[in-house]
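Notes follow the structure.
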Amino acid sequence: MVDGTDDLLTRGRTFAPDPDFAARATAGPELAEEAGRDRLAFWARQAHERVSWERPPTETLDWSDPPFARWFADGTLNVAVNCLDRHVDAGHGDRVALHWEGEPGDSRSLTYAELTREVKRAANLLTSLGVVAGDRVVIYLPQIPEAVVAMLAVARLGAVHSVVFGGFSAESLRARIDDAQAVLVITADGGWRKGAVSPLKPAVDAALAADGPATVRNVLVVRRGGNEVDWTEGRDLWWHEQLEGVADEHEAEAFDAEHPLFILYTSGTTGKPKGILHTSGGYLTQVAYTHATVFDLKPETDVWWCTADVGWITGHSYVVYGPLANGATQVLYEGTPDFPAAGRWWDVVEKYGVTLFYTAPTAIRSVMKAGREIPQARDLSSLRLLGSVGEPINPEAWLWYREVIGADRLPIVDTWWQTETGAIMVSPLPGVTTTKPGAAQTPLPGVSVDVVDDDGTPVAPGGSGLLVVTEPWPSMLRGIWGDRDRYVETYWSRFGDRYFAGDGARRDEDGDIWLLGRVDDVMNVSGHRLSTAEIESALVSHAVVAESAVVGAADEATGQAVVAFVVLRDKAKVDLDPEEAAASLRRHVAEQIGAIARPRTVVLVDELPKTRSGKIMRRLLRDVAEGREIGDTTTLADAAVMGVISAEMR
Ligand code: PRX
């Protein structure tokens, strides 16, 4: 947990905006005044000014059937045209849209004119494969330009993409293809990661094996890794072969503002991931608005770099839709920060003259650990703003980020948001907000949030509670794919008319907001969201496991780490070497969900701590996992069990 007000490092330290920066900032204090006067008129202006509509909306918000919002509902647009053609039409066709850097050192730059052409060809190809508006297309690709092209081609047709992060396993991929009933999968042979090709196609083959989803007609395969792949004739098609000779003219149709744009699966508190649904006009409005104002974008001169993978919401909103809607030039990098050596990221910053840089606290902590001499050996003078996202940023990392990467002067924006919110909700505005290390601070103009206690009463300054969003916002999720009730239940049942985010928060004496981490059974490991229930069900799917309980334990490097307490079946206890059993269970979770979910520690125990009604007391396990004194055990059915578990942990 981060609580900067108690942190000796930062007590009282604040950073006022640099006057030169403020004088030239995209957004000034008048934005909040405007939104405060008339929130809906403010959003209507954003929608009209930042988005090109085929038919401009006359309606702003329809909240007649809460919690199902409709924004700009009588407007029509094509999202891909907004990200591409309109910039070419405005005379910016020669501006670079993507500076792509492959991990092995190959690179490729695509202008807006070139990217538009690629997307039109891909859209024609998808049409020839029978993809029509409303169809779902799963994209399982490395961080290569084709990922952006594929997403925009799907959007151009009014089809719905579901991007699955390349680190997810075949099993996770299968579940997502199945839930969305996808007709097409776009993948690659493999991508580069830490100096080797990491294959992707085998996971698609496994996901679509005999008992897999039957809805998929074709698999389009981009050649990237050059690795050998199995081939299913009639189903599998090479992307480059299919694109040969395809026309580069494509007339885009306009769709309703509420037409679905994408589904993105994220972890919830149950074992089944939720397909978060986003639609077109409101989403595009808020990602364009936030990208421009929070990061002070000057599209003519800035070079934007968001290090997130397109497989996560940050990649959707701040690699694809926000920056491209704003006509920005950006860097897209395929590999890891430390390949071939620890300074790779800073080489990329230097090479492309990156001006605006957006990454996650976990990455900042790992570069911190590698030592300041590495970034200091590079020329980072092009940078003019730094951003953070994905988890609470500890004040120490914030200060290091500013001092070492930010030359002790750059503004830092700590942006709070979620897959569900679609776009940034709480963040300082550079040039306006006096920042506090470790705090996301203020809701953006147009966004209304509060911190409330368990009964829904707003906490007084200095108090802690739960973060809620009190008014609908344009880029809010429109539901969970195929599960209307779960949407209502998960986000709206707790406080009725307010959106429950699942995060704890504190309001300080100035009214600023500090995020304190999740309050539910969701973990945040290296900025990736994982569900304890999902990992538990992966563990119990292993033949030797009788029962398991998973907790997120504080971890210096990754924010939280997965710690699994496992009870083996009686026979396995006798037959298996404990070390081997733990290793095989860690492997099993990686196979079932993906390497990101692999437990850091597996503790084999004889019994789990339970209440008399049989509920597992995770709180006590967290105490053990974090090496704390064990809390109140009076409600345990068997008080002795905790003594045994803590002995086993040592
Ligand atoms: O707990 C919050 C944390 O990440 C969660 C959302 O995860 P996800 O949907 O994967 O989206 C991550 C990228 C937007 C939130 O519920 N989180 C995100 N940003 C911050 C944060 N926690 C604290 N401070 C942040 N800036």
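By order of appearance in the structure tokens: chains A, B, ..., then residues from 1 within every chain, and ligands from 1 in the order shown.
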Report as a tab-separated table (two decimals) with C-alpha atoms, in the first residue's frame which protein, DNA and RNA residues come within 9 Å of ligand 1, using only C-alpha atoms and all ligand atoms.
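Contents of pocket-v4.tsv, as written:
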```tsv
chain	number	residue	atom	x	y	z
A	2	VAL	CA	1.11	3.49	-0.70
A	266	THR	CA	-10.00	-8.91	-17.66
A	267	SER	CA	-9.84	-10.72	-14.36
A	312	TRP	CA	-4.00	-4.62	-22.44
A	313	ILE	CA	-6.39	-1.70	-22.12
A	314	THR	CA	-3.49	0.75	-21.92
A	315	GLY	CA	-2.36	-0.45	-25.34
A	360	ALA	CA	4.15	1.31	-15.28
A	361	PRO	CA	5.60	1.61	-11.75
A	388	SER	CA	2.64	6.25	-14.78
A	389	VAL	CA	-0.20	3.73	-14.85
A	390	GLY	CA	-1.35	0.34	-13.66
A	391	GLU	CA	-0.74	0.30	-9.93
A	392	PRO	CA	-0.06	2.70	-7.10
A	393	ILE	CA	3.36	4.27	-7.61
A	413	VAL	CA	1.22	12.30	-14.27
A	414	ASP	CA	0.09	9.34	-12.19
A	415	THR	CA	-3.02	8.19	-14.03
A	416	TRP	CA	-5.68	6.03	-12.39
A	417	TRP	CA	-8.12	4.11	-14.53
A	418	GLN	CA	-9.19	0.57	-15.44
A	419	THR	CA	-10.10	-1.70	-18.33
A	420	GLU	CA	-13.68	-0.87	-17.41
A	421	THR	CA	-13.27	2.90	-17.41
A	422	GLY	CA	-11.71	2.76	-20.90
A	423	ALA	CA	-9.74	5.95	-20.38
A	424	ILE	CA	-7.97	7.94	-17.68
A	426	VAL	CA	-8.04	10.50	-12.08
A	427	SER	CA	-4.75	12.24	-12.80
A	438	GLY	CA	2.46	8.85	-5.14
A	439	ALA	CA	-0.96	10.43	-5.63
A	440	ALA	CA	-3.25	10.37	-8.67
A	501	ALA	CA	-14.25	0.45	-8.87
A	502	GLY	CA	-12.88	-2.19	-6.48
A	503	ASP	CA	-10.08	0.12	-5.31
A	504	GLY	CA	-9.37	1.50	-1.88
A	505	ALA	CA	-8.55	5.22	-1.72
A	514	TRP	CA	-4.39	8.53	-3.14
A	515	LEU	CA	-5.09	5.07	-4.53
A	516	LEU	CA	-4.43	2.27	-2.05
A	517	GLY	CA	-4.79	-0.92	-4.11
A	518	ARG	CA	-7.62	-3.39	-4.67
A	519	VAL	CA	-10.11	-4.19	-1.96
A	522	VAL	CA	-8.03	-9.15	-7.52
A	523	MET	CA	-4.25	-8.91	-7.45
A	524	ASN	CA	-1.98	-6.54	-9.27
A	527	GLY	CA	0.63	-3.89	-13.26
A	528	HIS	CA	-1.20	-6.97	-14.57
A	529	ARG	CA	-4.52	-7.78	-13.16
A	530	LEU	CA	-5.00	-11.33	-11.89
```
Non-local contacts of A:Arg13 (9 Å; only C-alpha atoms; under 5 positions in same chain excluded) as number ranges by chain | A: 435-437
Item checked: Polymer residues at most 8 Å from A:Arg136, only C-alpha atoms, same-chain spacing of 4 or more positions, as a list in words -> Ala159, Val160, His161, Ser162, Ala180, Gln181, Ala182, Val183 and Leu184 of chain A
Go ahead and save the picked residues with N, CA, C and O atoms, as a CSV table (one decimal), in the first residue's frame.
```csv
chain,number,residue,atom,x,y,z
A,159,ALA,N,-16.7,-4.6,-37.2
A,159,ALA,CA,-16.6,-5.8,-36.5
A,159,ALA,C,-16.0,-5.5,-35.1
A,159,ALA,O,-15.6,-4.4,-34.8
A,160,VAL,N,-15.9,-6.5,-34.3
A,160,VAL,CA,-15.5,-6.3,-32.9
A,160,VAL,C,-14.2,-7.1,-32.6
A,160,VAL,O,-14.2,-8.3,-32.8
A,161,HIS,N,-13.2,-6.4,-32.2
A,161,HIS,CA,-12.0,-7.2,-31.9
A,161,HIS,C,-11.9,-7.5,-30.4
A,161,HIS,O,-12.4,-6.8,-29.5
A,162,SER,N,-11.3,-8.7,-30.2
A,162,SER,CA,-10.9,-9.1,-28.8
A,162,SER,C,-9.5,-9.4,-28.9
A,162,SER,O,-9.1,-10.5,-29.4
A,180,ALA,N,-16.5,-15.3,-26.9
A,180,ALA,CA,-16.9,-14.3,-27.9
A,180,ALA,C,-17.4,-14.9,-29.2
A,180,ALA,O,-17.9,-14.2,-30.1
A,181,GLN,N,-17.4,-16.2,-29.3
A,181,GLN,CA,-17.8,-16.9,-30.5
A,181,GLN,C,-17.2,-16.2,-31.8
A,181,GLN,O,-17.9,-15.8,-32.7
A,182,ALA,N,-15.9,-16.1,-31.7
A,182,ALA,CA,-15.1,-15.5,-32.8
A,182,ALA,C,-15.2,-16.2,-34.1
A,182,ALA,O,-15.2,-17.5,-34.1
A,183,VAL,N,-15.2,-15.5,-35.2
A,183,VAL,CA,-15.2,-16.2,-36.6
A,183,VAL,C,-13.8,-16.2,-37.2
A,183,VAL,O,-13.5,-17.0,-38.1
A,184,LEU,N,-12.9,-15.4,-36.7
A,184,LEU,CA,-11.5,-15.3,-37.2
A,184,LEU,C,-10.5,-15.1,-36.1
A,184,LEU,O,-10.8,-14.4,-35.2
```
Which is closer to A:Gly627 than all the others in A:Thr269, A:Asn82, A:Thr611, A:Ser646, using only C-alpha atoms?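 Distance minimum relative to A:Gly627 lands on A:Ser646.
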*asked:* If DSSP is run on the backbone, what residues of stretch 5-221 of chain A are alpha helix (DSSP H)? A reply as a VMD selection string would be ideal.
replied: chain A and resid 19 to 24 30 to 37 39 to 50 79 to 83 85 to 87 112 to 128 145 to 156 170 to 180 201 to 207
Selected residue of minimal separation from A:Ala69 among A:Gly479, A:Thr601, A:Phe565, A:Gln592, counting only C-alpha atoms: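 For A:Ala69, the nearest of the given residues is A:Gly479.
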